[in-house]
$ cat work_38.cif   # mmCIF, C-alpha atoms
data_input
loop_
_atom_site.label_atom_id
_atom_site.label_comp_id
_atom_site.auth_asym_id
_atom_site.auth_seq_id
_atom_site.Cartn_x
_atom_site.Cartn_y
_atom_site.Cartn_z
CA MET A 109 0.00 0.00 0.00
CA ARG A 110 2.80 2.44 0.83
CA PHE A 111 4.31 1.93 -2.63
CA ALA A 112 0.99 2.84 -4.25
CA PHE A 113 0.63 6.02 -2.20
CA ALA A 114 4.27 7.01 -2.75
CA GLY A 115 3.69 6.50 -6.47
CA LEU A 116 0.53 8.62 -6.24
CA ALA A 117 2.54 11.46 -4.70
CA ALA A 118 5.34 11.13 -7.27
CA LEU A 119 2.89 11.29 -10.18
CA ALA A 120 1.12 14.23 -8.55
CA VAL A 121 4.41 16.15 -8.61
CA ALA A 122 5.51 14.95 -12.04
CA MET A 123 2.21 15.37 -13.87
CA GLY A 124 0.10 17.70 -11.75
CA ILE A 125 2.94 20.22 -11.35
CA GLY A 126 5.77 19.35 -13.77
CA ARG A 127 3.40 18.87 -16.69
CA PHE A 128 0.05 20.51 -16.08
CA ALA A 129 0.48 23.34 -13.57
CA PHE A 130 1.13 25.54 -16.60
CA THR A 131 -2.49 25.09 -17.75
CA PRO A 132 -4.22 26.93 -14.85
CA ILE A 133 -1.33 29.41 -14.57
CA LEU A 134 -1.55 30.38 -18.27
CA PRO A 135 -4.50 32.78 -17.76
CA MET A 136 -2.50 34.44 -14.96
CA MET A 137 0.57 34.74 -17.20
CA GLN A 138 -1.62 36.27 -19.90
CA LEU A 139 -2.58 39.02 -17.46
CA ASP A 140 0.74 39.84 -15.80
CA ALA A 141 3.33 38.61 -18.33
CA GLY A 142 1.50 39.52 -21.53
CA LEU A 143 1.46 35.99 -22.97
CA THR A 144 -0.83 35.35 -25.92
CA VAL A 145 -2.64 32.10 -26.71
CA ALA A 146 0.02 31.44 -29.37
CA ASP A 147 2.78 32.02 -26.78
CA GLY A 148 1.05 29.57 -24.49
CA GLY A 149 0.97 27.02 -27.28
CA TRP A 150 4.72 27.28 -27.85
CA LEU A 151 5.53 27.00 -24.13
CA ALA A 152 3.25 23.99 -23.87
CA SER A 153 4.92 22.44 -26.91
CA ALA A 154 8.36 22.96 -25.32
CA ASN A 155 7.18 20.96 -22.32
CA TYR A 156 5.76 18.24 -24.56
CA LEU A 157 8.93 18.14 -26.63
CA GLY A 158 10.87 17.58 -23.40
CA TYR A 159 8.39 14.87 -22.45
CA PHE A 160 9.02 13.23 -25.82
CA ALA A 161 12.81 13.42 -25.36
CA GLY A 162 12.53 12.03 -21.83
CA ALA A 163 10.41 9.10 -23.01
CA ILE A 164 12.85 8.30 -25.82
CA GLY A 165 15.72 8.39 -23.32
CA ALA A 166 13.86 6.16 -20.86
CA GLY A 167 13.40 3.54 -23.58
CA MET A 168 17.03 3.37 -24.73
CA ARG A 169 19.06 0.27 -23.85
CA HIS A 170 21.62 2.11 -21.74
CA ALA A 171 18.76 3.55 -19.64
CA SER A 172 17.75 0.03 -18.64
CA ARG A 173 20.95 -0.21 -16.59
CA VAL A 174 19.89 2.76 -14.42
CA PRO A 175 17.93 1.66 -11.32
CA GLY A 176 14.37 2.92 -11.48
CA VAL A 177 14.57 4.69 -8.12
CA VAL A 178 17.58 6.71 -9.31
CA ALA A 179 15.59 7.92 -12.33
CA ILE A 180 12.58 8.72 -10.12
CA ARG A 181 14.63 10.73 -7.65
CA ALA A 182 16.52 12.60 -10.37
CA GLY A 183 13.30 13.41 -12.19
CA LEU A 184 11.55 14.72 -9.08
CA SER A 185 14.57 16.89 -8.21
CA ALA A 186 14.61 18.40 -11.70
CA ILE A 187 10.90 19.21 -11.48
CA VAL A 188 11.39 20.98 -8.15
CA LEU A 189 14.23 23.14 -9.48
CA SER A 190 12.64 23.97 -12.84
CA THR A 191 9.33 24.89 -11.18
CA LEU A 192 11.01 27.23 -8.70
CA ALA A 193 12.98 28.84 -11.54
CA MET A 194 9.75 29.64 -13.42
CA ALA A 195 9.04 32.17 -10.67
CA LEU A 196 11.97 34.26 -11.91
CA ASP A 197 11.25 37.00 -14.45
CA ALA A 198 13.72 35.38 -16.86
CA GLY A 199 11.76 36.00 -20.06
CA PHE A 200 10.18 33.83 -22.72
CA PRO A 201 13.35 32.03 -23.98
CA ALA A 202 14.33 30.93 -20.45
CA TRP A 203 10.77 29.83 -19.71
CA THR A 204 10.87 27.72 -22.85
CA VAL A 205 14.01 25.92 -21.64
CA LEU A 206 12.58 25.39 -18.16
CA ARG A 207 9.36 23.90 -19.54
CA PHE A 208 11.46 21.57 -21.70
CA VAL A 209 13.46 20.38 -18.67
CA ALA A 210 10.28 19.79 -16.67
CA GLY A 211 8.92 17.73 -19.56
CA VAL A 212 12.00 15.49 -19.69
CA ALA A 213 11.84 14.90 -15.95
CA SER A 214 8.09 14.20 -15.99
CA ALA A 215 8.47 11.44 -18.58
CA TRP A 216 11.18 9.73 -16.55
CA VAL A 217 9.12 9.87 -13.38
CA LEU A 218 5.97 8.55 -15.09
CA VAL A 219 7.66 5.63 -16.86
CA HIS A 220 9.88 4.52 -13.97
CA THR A 221 7.35 5.10 -11.19
CA SER A 222 4.66 3.18 -13.08
CA ALA A 223 6.96 0.23 -13.78
CA TRP A 224 8.44 0.24 -10.26
CA VAL A 225 5.12 0.39 -8.39
CA LEU A 226 3.20 -1.98 -10.70
CA GLU A 227 5.98 -4.56 -10.30
CA ARG A 228 5.76 -4.44 -6.53
CA ASN A 229 1.98 -4.60 -6.47
CA SER A 230 1.62 -7.31 -9.13
CA SER A 231 1.71 -10.23 -6.70
CA LEU A 232 -0.92 -8.76 -4.36
CA GLY A 233 -3.88 -9.25 -6.72
CA ARG A 234 -5.46 -5.93 -5.75
CA PRO A 235 -6.50 -3.88 -8.83
CA ILE A 236 -7.42 -0.94 -6.60
CA LEU A 237 -3.70 -0.29 -6.00
CA ALA A 238 -3.23 0.62 -9.67
CA GLY A 239 -6.15 3.01 -9.35
CA ILE A 240 -4.53 4.63 -6.32
CA LEU A 241 -1.20 4.97 -8.13
CA PHE A 242 -2.62 6.69 -11.22
CA ALA A 243 -5.02 8.83 -9.19
CA GLY A 244 -1.89 10.86 -8.44
CA VAL A 245 -2.14 12.61 -11.81
CA GLY A 246 -5.65 13.87 -11.11
CA ALA A 247 -4.83 14.68 -7.50
CA GLY A 248 -1.94 16.87 -8.62
CA ILE A 249 -4.19 18.65 -11.11
CA VAL A 250 -6.84 19.28 -8.43
CA VAL A 251 -4.26 20.76 -6.06
CA ALA A 252 -2.69 22.93 -8.76
CA GLY A 253 -6.04 24.10 -10.11
CA GLY A 254 -7.47 24.77 -6.66
CA PHE A 255 -4.46 26.83 -5.61
CA CYS A 256 -4.68 28.85 -8.83
CA VAL A 257 -8.36 29.66 -8.19
CA LEU A 258 -7.44 30.98 -4.75
CA LEU A 259 -4.45 32.89 -6.09
CA MET A 260 -6.49 34.51 -8.87
CA ARG A 261 -9.17 35.58 -6.40
CA ALA A 262 -6.39 37.12 -4.27
CA HIS A 263 -4.99 38.85 -7.40
CA ALA A 264 -1.64 37.14 -6.88
CA SER A 265 0.95 37.06 -9.64
CA SER A 266 1.85 34.07 -11.79
CA ALA A 267 5.35 34.20 -10.23
CA SER A 268 3.76 33.60 -6.82
CA ALA A 269 1.96 30.57 -8.23
CA TRP A 270 5.16 29.06 -9.62
CA LEU A 271 6.96 29.68 -6.32
CA LEU A 272 4.15 28.04 -4.34
CA PHE A 273 4.13 24.97 -6.62
CA GLY A 274 7.90 24.71 -6.35
CA ILE A 275 7.67 24.65 -2.56
CA VAL A 276 4.82 22.09 -2.61
CA SER A 277 6.73 19.80 -4.99
CA ALA A 278 9.89 20.07 -2.85
CA ALA A 279 8.01 19.18 0.33
CA THR A 280 6.24 16.24 -1.32
CA THR A 281 9.49 14.93 -2.77
CA ALA A 282 11.16 15.10 0.64
CA VAL A 283 8.36 13.04 2.23
CA ILE A 284 8.40 10.20 -0.32
CA TRP A 285 12.17 10.18 -0.93
CA PRO A 286 12.89 7.32 1.57
CA VAL A 287 10.32 5.02 -0.06
CA PHE A 288 12.16 4.99 -3.38
CA GLN A 289 15.31 3.09 -2.48
CA ILE A 290 17.18 0.15 -4.00
CA SER A 291 16.19 -2.95 -2.08
CA ASP A 292 16.58 -5.99 -4.33
CA ALA A 293 17.53 -7.32 -7.76
CA ARG A 294 14.23 -6.18 -9.29
CA GLU A 295 15.70 -2.69 -9.50
CA LYS A 296 17.74 -3.75 -12.53
CA SER A 297 15.87 -3.98 -15.82
CA SER A 298 16.59 -6.64 -18.39
CA ASP A 299 19.24 -5.78 -20.97
CA VAL A 300 17.83 -8.26 -23.51
CA ARG A 301 17.00 -6.76 -26.92
CA HIS A 302 13.32 -5.87 -27.17
CA ARG A 303 11.34 -7.87 -29.77
CA TRP A 304 8.52 -5.81 -31.28
CA THR A 305 5.20 -7.37 -32.30
CA ARG A 306 2.22 -6.04 -34.28
CA THR A 307 0.17 -5.92 -31.11
CA GLN A 308 2.77 -3.72 -29.43
CA ALA A 309 2.92 -1.46 -32.48
CA ARG A 310 -0.86 -0.99 -32.36
CA LEU A 311 -0.65 -0.13 -28.66
CA VAL A 312 1.97 2.51 -29.43
CA ALA A 313 -0.11 4.00 -32.28
CA ALA A 314 -3.32 4.08 -30.23
CA TYR A 315 -1.50 5.70 -27.31
CA GLY A 316 -0.11 8.33 -29.68
CA ALA A 317 -3.64 9.06 -30.96
CA TYR A 318 -4.68 9.55 -27.35
CA GLY A 319 -1.85 12.04 -26.83
CA PHE A 320 -3.00 14.18 -29.77
CA GLY A 321 -6.67 13.80 -28.92
CA TYR A 322 -6.71 14.99 -25.35
CA ILE A 323 -3.97 17.61 -25.28
CA ILE A 324 -5.86 20.49 -26.87
CA PRO A 325 -8.60 20.69 -24.20
CA ALA A 326 -6.04 19.71 -21.54
CA THR A 327 -3.95 22.75 -22.44
CA PHE A 328 -6.55 25.34 -23.34
CA LEU A 329 -9.62 24.39 -21.28
CA PRO A 330 -9.22 27.25 -18.74
CA VAL A 331 -8.56 29.70 -21.59
CA MET A 332 -11.72 28.54 -23.42
CA ALA A 333 -13.68 28.84 -20.18
CA LYS A 334 -12.32 32.34 -19.63
CA GLU A 335 -13.64 33.41 -23.05
CA VAL A 336 -17.14 32.32 -21.97
CA VAL A 337 -17.11 33.53 -18.35
CA SER A 338 -14.73 36.28 -17.26
CA ASP A 339 -15.10 35.69 -13.51
CA PRO A 340 -12.10 33.62 -12.29
CA ALA A 341 -14.27 32.23 -9.50
CA VAL A 342 -16.21 30.47 -12.28
CA PHE A 343 -13.82 29.73 -15.17
CA GLY A 344 -10.98 28.86 -12.78
CA TRP A 345 -12.86 25.79 -11.60
CA ALA A 346 -12.76 24.16 -15.05
CA TRP A 347 -9.30 22.72 -14.31
CA PRO A 348 -9.98 21.42 -10.77
CA VAL A 349 -13.14 19.71 -12.11
CA PHE A 350 -10.96 18.15 -14.82
CA GLY A 351 -8.51 16.88 -12.18
CA ALA A 352 -11.17 15.61 -9.80
CA ALA A 353 -12.73 13.56 -12.60
CA ALA A 354 -9.29 12.18 -13.42
CA ALA A 355 -8.52 11.19 -9.83
CA LEU A 356 -11.86 9.51 -9.09
CA SER A 357 -12.15 7.71 -12.43
CA THR A 358 -8.94 5.71 -12.04
CA VAL A 359 -10.14 4.10 -8.82
CA GLY A 360 -13.52 3.15 -10.29
CA VAL A 361 -12.23 1.87 -13.62
CA SER A 362 -9.45 -0.14 -11.94
CA LEU A 363 -12.20 -2.32 -10.49
CA LEU A 364 -14.27 -2.54 -13.70
CA SER A 365 -11.30 -3.38 -15.94
CA GLY A 366 -10.80 -6.60 -13.99
CA ARG A 367 -14.19 -7.74 -15.27
CA TYR A 368 -14.14 -6.48 -18.85
CA GLY A 369 -10.40 -6.34 -19.55
CA ASN A 370 -8.00 -3.45 -20.04
CA ARG A 371 -8.42 -3.36 -23.82
CA ALA A 372 -12.24 -3.05 -23.80
CA ALA A 373 -12.10 -0.36 -21.12
CA TRP A 374 -9.45 1.48 -23.16
CA VAL A 375 -11.67 1.51 -26.28
CA GLY A 376 -14.63 2.82 -24.28
CA SER A 377 -12.46 5.54 -22.76
CA HIS A 378 -11.32 6.69 -26.22
CA LEU A 379 -14.94 7.10 -27.34
CA VAL A 380 -15.98 8.98 -24.20
CA MET A 381 -12.98 11.27 -24.60
CA ALA A 382 -13.86 11.92 -28.26
CA LEU A 383 -17.32 13.05 -27.14
CA GLY A 384 -15.81 15.39 -24.55
CA VAL A 385 -13.23 16.88 -26.90
CA SER A 386 -15.93 17.86 -29.42
CA ALA A 387 -18.43 19.06 -26.78
CA PRO A 388 -17.39 22.78 -26.82
CA VAL A 389 -17.86 22.84 -30.61
CA PHE A 390 -21.39 21.45 -30.66
CA TRP A 391 -22.47 22.90 -27.30
CA PRO A 392 -21.02 26.43 -27.04
CA GLY A 393 -20.97 27.96 -23.60
CA ILE A 394 -20.05 26.89 -20.12
CA GLY A 395 -22.13 23.69 -20.43
CA GLY A 396 -19.88 22.38 -23.19
CA ILE A 397 -16.79 23.35 -21.20
CA VAL A 398 -18.00 21.43 -18.13
CA LEU A 399 -18.92 18.38 -20.23
CA ALA A 400 -15.47 18.47 -21.83
CA ALA A 401 -13.83 18.72 -18.39
CA LEU A 402 -15.77 15.71 -17.13
CA CYS A 403 -15.38 13.49 -20.22
CA VAL A 404 -11.74 14.28 -20.94
CA GLY A 405 -10.71 14.54 -17.29
CA GLY A 406 -12.56 11.32 -16.50
CA THR A 407 -10.73 9.32 -19.17
CA PHE A 408 -7.28 10.75 -19.80
CA VAL A 409 -5.61 9.25 -16.71
CA VAL A 410 -7.74 6.12 -17.09
CA ILE A 411 -6.21 5.58 -20.53
CA THR A 412 -2.75 6.10 -19.07
CA MET A 413 -3.46 3.49 -16.40
CA LEU A 414 -5.03 0.99 -18.81
CA GLY A 415 -2.38 1.51 -21.48
CA LEU A 416 0.57 1.00 -19.14
CA GLN A 417 -1.06 -2.01 -17.51
CA GLU A 418 -1.70 -3.49 -20.96
CA ALA A 419 1.97 -2.85 -21.80
CA ARG A 420 3.04 -4.80 -18.74
CA SER A 421 0.67 -7.64 -19.67
CA VAL A 422 1.92 -7.81 -23.27
CA ALA A 423 5.65 -7.21 -22.77
CA GLY A 424 6.41 -8.74 -19.37
CA ALA A 425 9.98 -8.00 -18.29
CA GLN A 426 10.40 -5.66 -21.28
CA ALA A 427 7.42 -3.54 -20.19
CA PRO A 428 9.48 -0.43 -19.28
CA ARG A 429 10.72 -0.15 -22.87
CA LEU A 430 7.23 -0.60 -24.31
CA MET A 431 5.93 1.93 -21.79
CA ALA A 432 8.65 4.34 -22.88
CA ALA A 433 7.76 3.87 -26.57
CA MET A 434 4.07 4.45 -25.84
CA THR A 435 4.91 7.53 -23.79
CA ALA A 436 7.08 8.84 -26.65
CA ALA A 437 4.19 8.37 -29.11
CA PHE A 438 1.89 10.08 -26.64
CA ALA A 439 4.33 12.98 -26.36
CA ALA A 440 4.63 13.27 -30.15
CA GLY A 441 0.86 13.68 -30.34
CA GLN A 442 1.03 16.33 -27.65
CA ILE A 443 3.67 18.29 -29.53
CA VAL A 444 1.53 18.46 -32.66
CA GLY A 445 -1.64 19.38 -30.74
CA PRO A 446 -0.73 22.78 -29.20
CA MET A 447 1.31 23.69 -32.28
CA SER A 448 -1.76 23.09 -34.46
CA VAL A 449 -3.76 25.43 -32.22
CA SER A 450 -1.06 28.12 -32.45
CA LEU A 451 -0.95 27.81 -36.24
CA LEU A 452 -4.76 27.81 -36.62
CA VAL A 453 -5.20 30.79 -34.31
CA GLY A 454 -2.42 32.63 -36.12
CA ALA A 455 -4.13 31.94 -39.45
CA GLY A 456 -7.42 33.33 -38.18
CA ASP A 457 -9.16 30.06 -37.44
CA GLY A 458 -10.42 29.14 -33.99
CA ILE A 459 -9.77 26.19 -31.72
CA ALA A 460 -12.94 24.45 -32.98
CA ALA A 461 -11.27 22.95 -36.06
CA ALA A 462 -8.50 21.46 -33.93
CA LEU A 463 -11.04 19.99 -31.51
CA VAL A 464 -12.93 18.25 -34.32
CA ALA A 465 -9.67 16.80 -35.70
CA ALA A 466 -8.67 15.60 -32.23
CA SER A 467 -12.01 13.82 -31.81
CA ALA A 468 -11.57 12.03 -35.14
CA VAL A 469 -8.06 10.87 -34.21
CA LEU A 470 -9.35 9.44 -30.94
CA ILE A 471 -11.99 7.41 -32.78
CA ALA A 472 -9.29 6.09 -35.13
CA GLY A 473 -7.21 5.05 -32.11
CA ALA A 474 -10.17 3.10 -30.72
CA ALA A 475 -10.47 1.27 -34.04
CA LEU A 476 -6.80 0.22 -33.79
CA LEU A 477 -7.39 -1.29 -30.37
CA LEU A 478 -10.27 -3.41 -31.66
CA LYS A 479 -7.88 -5.36 -33.91
CA ARG A 480 -6.40 -8.51 -32.38
#

$ encode --input "work_38.cif" --output "structure tokens"
Amino acid sequence: MRFAFAGLAALAVAMGIGRFAFTPILPMMQLDAGLTVADGGWLASANYLGYFAGAIGAGMRHASRVPGVVAIRAGLSAIVLSTLAMALDAGFPAWTVLRFVAGVASAWVLVHTSAWVLERNSSLGRPILAGILFAGVGAGIVVAGGFCVLLMRAHASSASAWLLFGIVSAATTAVIWPVFQISDAREKSSDVRHRWTRTQARLVAAYGAYGFGYIIPATFLPVMAKEVVSDPAVFGWAWPVFGAAAALSTVGVSLLSGRYGNRAAWVGSHLVMALGVSAPVFWPGIGGIVLAALCVGGTFVVITMLGLQEARSVAGAQAPRLMAAMTAAFAAGQIVGPMSVSLLVGAGDGIAAALVAASAVLIAGAALLLKR
């Protein structure tokens, strides 16, 4: 149980702060730092590019010789430092580098924490432990989003938000640091060459479709909500609702997937997410924003959980490398997503066209998973 909760905390720092704290802070940076939506897209893409690079590195053969706990600790430390540095008025180029570094570290923490914790919980036969582990992503988003609502109501600066998140991530890392220690031979991954199969390739492709499909609302949901309702006490809650749905859904689906299987639950999650992504297009207003937050937030961590569990089931001892490949494909989709929004907005088009395309890609990913 302590491994699951330590993993929850690690993922909360890596994903809730290292990856997604930028999303609720973006409206604040638009006000006090003069960032545009296009600027936000490029900063988000820098983070996703780092995530892609980190996933590629985690899947390389020489990385398999690094104990998982070393990678986890290094990644958490990098997130703490890069988050604190975002509080400095260093300018757009420096922010771009810092978001890249945070992305690299987040990928390492996600891949190695997932593999490390799932390995230790595999013999217990308790699916709920996987739900607890991956609930960390949503929990981190709830905390980050909730703090940002309070900070916006207090008219605090975006620098104050970054400083607060840096302190929170440092304190959390200090608490869970002793749990992640080398204790036995399982710390060393296999150095045998990975043998790819068609099934594994389809998993990678479907996971990449998921990365492209969810990232546009995941990045710009608070901004879209702000365009509908100007009161931060209202639009600011779009992100905490997103995170709460993510945290609660992993626990529930972890129990259901034992009955229906990871693959079937993954397909269903893709279709629900596709509905949520397109909701703001076909239902303009705050209602569509809330539906998107619930559908996308309620499935995006679920797909992460199901996908990485399916990777462990398919690849066995080579699961960390398959997880890394899937995470890299996911990150590639995320890079294209915000960039497409920046290009479409710059060309005079809105976010709607990108949302429709993302929904179609998600449906295509579901079709890939139906093949055996």

$ resolve_selection --input "work_38.cif" --expression "the PyMOL selection byres ((chain A and resi 431) around 8)" --output "PyMOL selection string"
chain A and resi 167+219+416+419-420+427-430+432-435

$ residues_around --input "work_38.cif" --residues "A:Ala243" --least-positions-apart "3" --cutoff "6 Å" --atoms "only C-alpha atoms" --output "PyMOL selection string"
chain A and resi 239-240+246+355+358

$ residues_around --input "work_38.cif" --residues "A:Ala475" --least-positions-apart "3" --cutoff "12 Å" --atoms "all atoms listed in the file" --output "PyMOL selection string"
chain A and resi 310-311+313-314+317+371-372+374-376+378-379+468-472+478-480

$ closest_residue --input "work_38.cif" --among "A:Val257, A:Ala382, A:Val188, A:Val177" --to "A:Val349" --atoms "only C-alpha atoms"
A:Val257

$ resolve_selection --input "work_38.cif" --expression "the PyMOL selection byres ((chain A and resi 450) around 9)" --output "PyMOL selection string"
chain A and resi 145-150+445-449+451-455+459

$ write_last_selection --input "work_38.cif" --atoms "C-alpha atoms" --output "PDB file, in the coordinates of the input"
ATOM      1  CA  VAL A 145      -2.640  32.100 -26.710  1.00  0.00           C
ATOM      2  CA  ALA A 146       0.020  31.440 -29.370  1.00  0.00           C
ATOM      3  CA  ASP A 147       2.780  32.020 -26.780  1.00  0.00           C
ATOM      4  CA  GLY A 148       1.050  29.570 -24.490  1.00  0.00           C
ATOM      5  CA  GLY A 149       0.970  27.020 -27.280  1.00  0.00           C
ATOM      6  CA  TRP A 150       4.720  27.280 -27.850  1.00  0.00           C
ATOM      7  CA  GLY A 445      -1.640  19.380 -30.740  1.00  0.00           C
ATOM      8  CA  PRO A 446      -0.730  22.780 -29.200  1.00  0.00           C
ATOM      9  CA  MET A 447       1.310  23.690 -32.280  1.00  0.00           C
ATOM     10  CA  SER A 448      -1.760  23.090 -34.460  1.00  0.00           C
ATOM     11  CA  VAL A 449      -3.760  25.430 -32.220  1.00  0.00           C
ATOM     12  CA  LEU A 451      -0.950  27.810 -36.240  1.00  0.00           C
ATOM     13  CA  LEU A 452      -4.760  27.810 -36.620  1.00  0.00           C
ATOM     14  CA  VAL A 453      -5.200  30.790 -34.310  1.00  0.00           C
ATOM     15  CA  GLY A 454      -2.420  32.630 -36.120  1.00  0.00           C
ATOM     16  CA  ALA A 455      -4.130  31.940 -39.450  1.00  0.00           C
ATOM     17  CA  ILE A 459      -9.770  26.190 -31.720  1.00  0.00           C
TER      18      ILE A 459
END

$ closest_residue --input "work_38.cif" --among "A:Val276, A:Ala436, A:Ala269, A:Ala462" --to "A:Cys256" --atoms "all atoms listed in the file"
A:Ala269

$ residues_near_point --input "work_38.cif" --point "(-2.4, 17.1, -15.8)" --cutoff "8 Å" --atoms "all atoms listed in the file" --output "list in words"
Met123, Gly124, Ile125, Arg127, Phe128, Ala129, Val245, Gly246, Gly248, Ile249, Ala326 and Gly351 of chain A

$ write_last_selection --input "work_38.cif" --atoms "C-alpha atoms" --output "PDB file, in the frame of the given file"
ATOM      1  CA  MET A 123       2.210  15.370 -13.870  1.00  0.00           C
ATOM      2  CA  GLY A 124       0.100  17.700 -11.750  1.00  0.00           C
ATOM      3  CA  ILE A 125       2.940  20.220 -11.350  1.00  0.00           C
ATOM      4  CA  ARG A 127       3.400  18.870 -16.690  1.00  0.00           C
ATOM      5  CA  PHE A 128       0.050  20.510 -16.080  1.00  0.00           C
ATOM      6  CA  ALA A 129       0.480  23.340 -13.570  1.00  0.00           C
ATOM      7  CA  VAL A 245      -2.140  12.610 -11.810  1.00  0.00           C
ATOM      8  CA  GLY A 246      -5.650  13.870 -11.110  1.00  0.00           C
ATOM      9  CA  GLY A 248      -1.940  16.870  -8.620  1.00  0.00           C
ATOM     10  CA  ILE A 249      -4.190  18.650 -11.110  1.00  0.00           C
ATOM     11  CA  ALA A 326      -6.040  19.710 -21.540  1.00  0.00           C
ATOM     12  CA  GLY A 351      -8.510  16.880 -12.180  1.00  0.00           C
TER      13      GLY A 351
END

$ closest_residue --input "work_38.cif" --among "A:Ser377, A:Phe390, A:Val422, A:Ala440" --to "A:Val410" --atoms "all atoms listed in the file"
A:Ser377

$ resolve_selection --input "work_38.cif" --expression "the PyMOL selection byres ((chain A and resi 401) around 9)" --output "number ranges by chain"
A: 325-326, 329, 346-351, 353, 384-385, 396-400, 402-406

$ write_last_selection --input "work_38.cif" --atoms "C-alpha atoms" --output "JSON list (two decimals), keeping the file's coordinate frame"
[["chain", "number", "residue", "atom", "x", "y", "z"],
["A", 325, "PRO", "CA", -8.60, 20.69, -24.20],
["A", 326, "ALA", "CA", -6.04, 19.71, -21.54],
["A", 329, "LEU", "CA", -9.62, 24.39, -21.28],
["A", 346, "ALA", "CA", -12.76, 24.16, -15.05],
["A", 347, "TRP", "CA", -9.30, 22.72, -14.31],
["A", 348, "PRO", "CA", -9.98, 21.42, -10.77],
["A", 349, "VAL", "CA", -13.14, 19.71, -12.11],
["A", 350, "PHE", "CA", -10.96, 18.15, -14.82],
["A", 351, "GLY", "CA", -8.51, 16.88, -12.18],
["A", 353, "ALA", "CA", -12.73, 13.56, -12.60],
["A", 384, "GLY", "CA", -15.81, 15.39, -24.55],
["A", 385, "VAL", "CA", -13.23, 16.88, -26.90],
["A", 396, "GLY", "CA", -19.88, 22.38, -23.19],
["A", 397, "ILE", "CA", -16.79, 23.35, -21.20],
["A", 398, "VAL", "CA", -18.00, 21.43, -18.13],
["A", 399, "LEU", "CA", -18.92, 18.38, -20.23],
["A", 400, "ALA", "CA", -15.47, 18.47, -21.83],
["A", 402, "LEU", "CA", -15.77, 15.71, -17.13],
["A", 403, "CYS", "CA", -15.38, 13.49, -20.22],
["A", 404, "VAL", "CA", -11.74, 14.28, -20.94],
["A", 405, "GLY", "CA", -10.71, 14.54, -17.29],
["A", 406, "GLY", "CA", -12.56, 11.32, -16.50]]

$ closest_residue --input "work_38.cif" --among "A:Ala460, A:Ile443, A:Leu356, A:Ile180" --to "A:Phe288" --atoms "all atoms listed in the file"
A:Ile180

$ atom_distance --input "work_38.cif" --atom1 "atom CA of A:Val212" --atom2 "atom CA of A:Ala161"
6.1 Å

$ closest_residue --input "work_38.cif" --among "A:Tyr315, A:Phe273, A:Phe242, A:Phe255" --to "A:Ala193" --atoms "only C-alpha atoms"
A:Phe273

$ residues_around --input "work_38.cif" --residues "A:Trp203" --least-positions-apart "6" --cutoff "9 Å" --atoms "all atoms listed in the file" --output "mmCIF file with C-alpha atoms, in the coordinates of the input"
data_model
loop_
_atom_site.group_PDB
_atom_site.id
_atom_site.type_symbol
_atom_site.label_atom_id
_atom_site.label_comp_id
_atom_site.auth_asym_id
_atom_site.auth_seq_id
_atom_site.Cartn_x
_atom_site.Cartn_y
_atom_site.Cartn_z
ATOM 1 C CA LEU A 151 5.530 27.000 -24.130
ATOM 2 C CA ALA A 193 12.980 28.840 -11.540
ATOM 3 C CA MET A 194 9.750 29.640 -13.420
ATOM 4 C CA ASP A 197 11.250 37.000 -14.450
#

$ closest_residue --input "work_38.cif" --among "A:Asn155, A:Thr204, A:Thr131, A:Ser277" --to "A:Ser185" --atoms "only C-alpha atoms"
A:Ser277
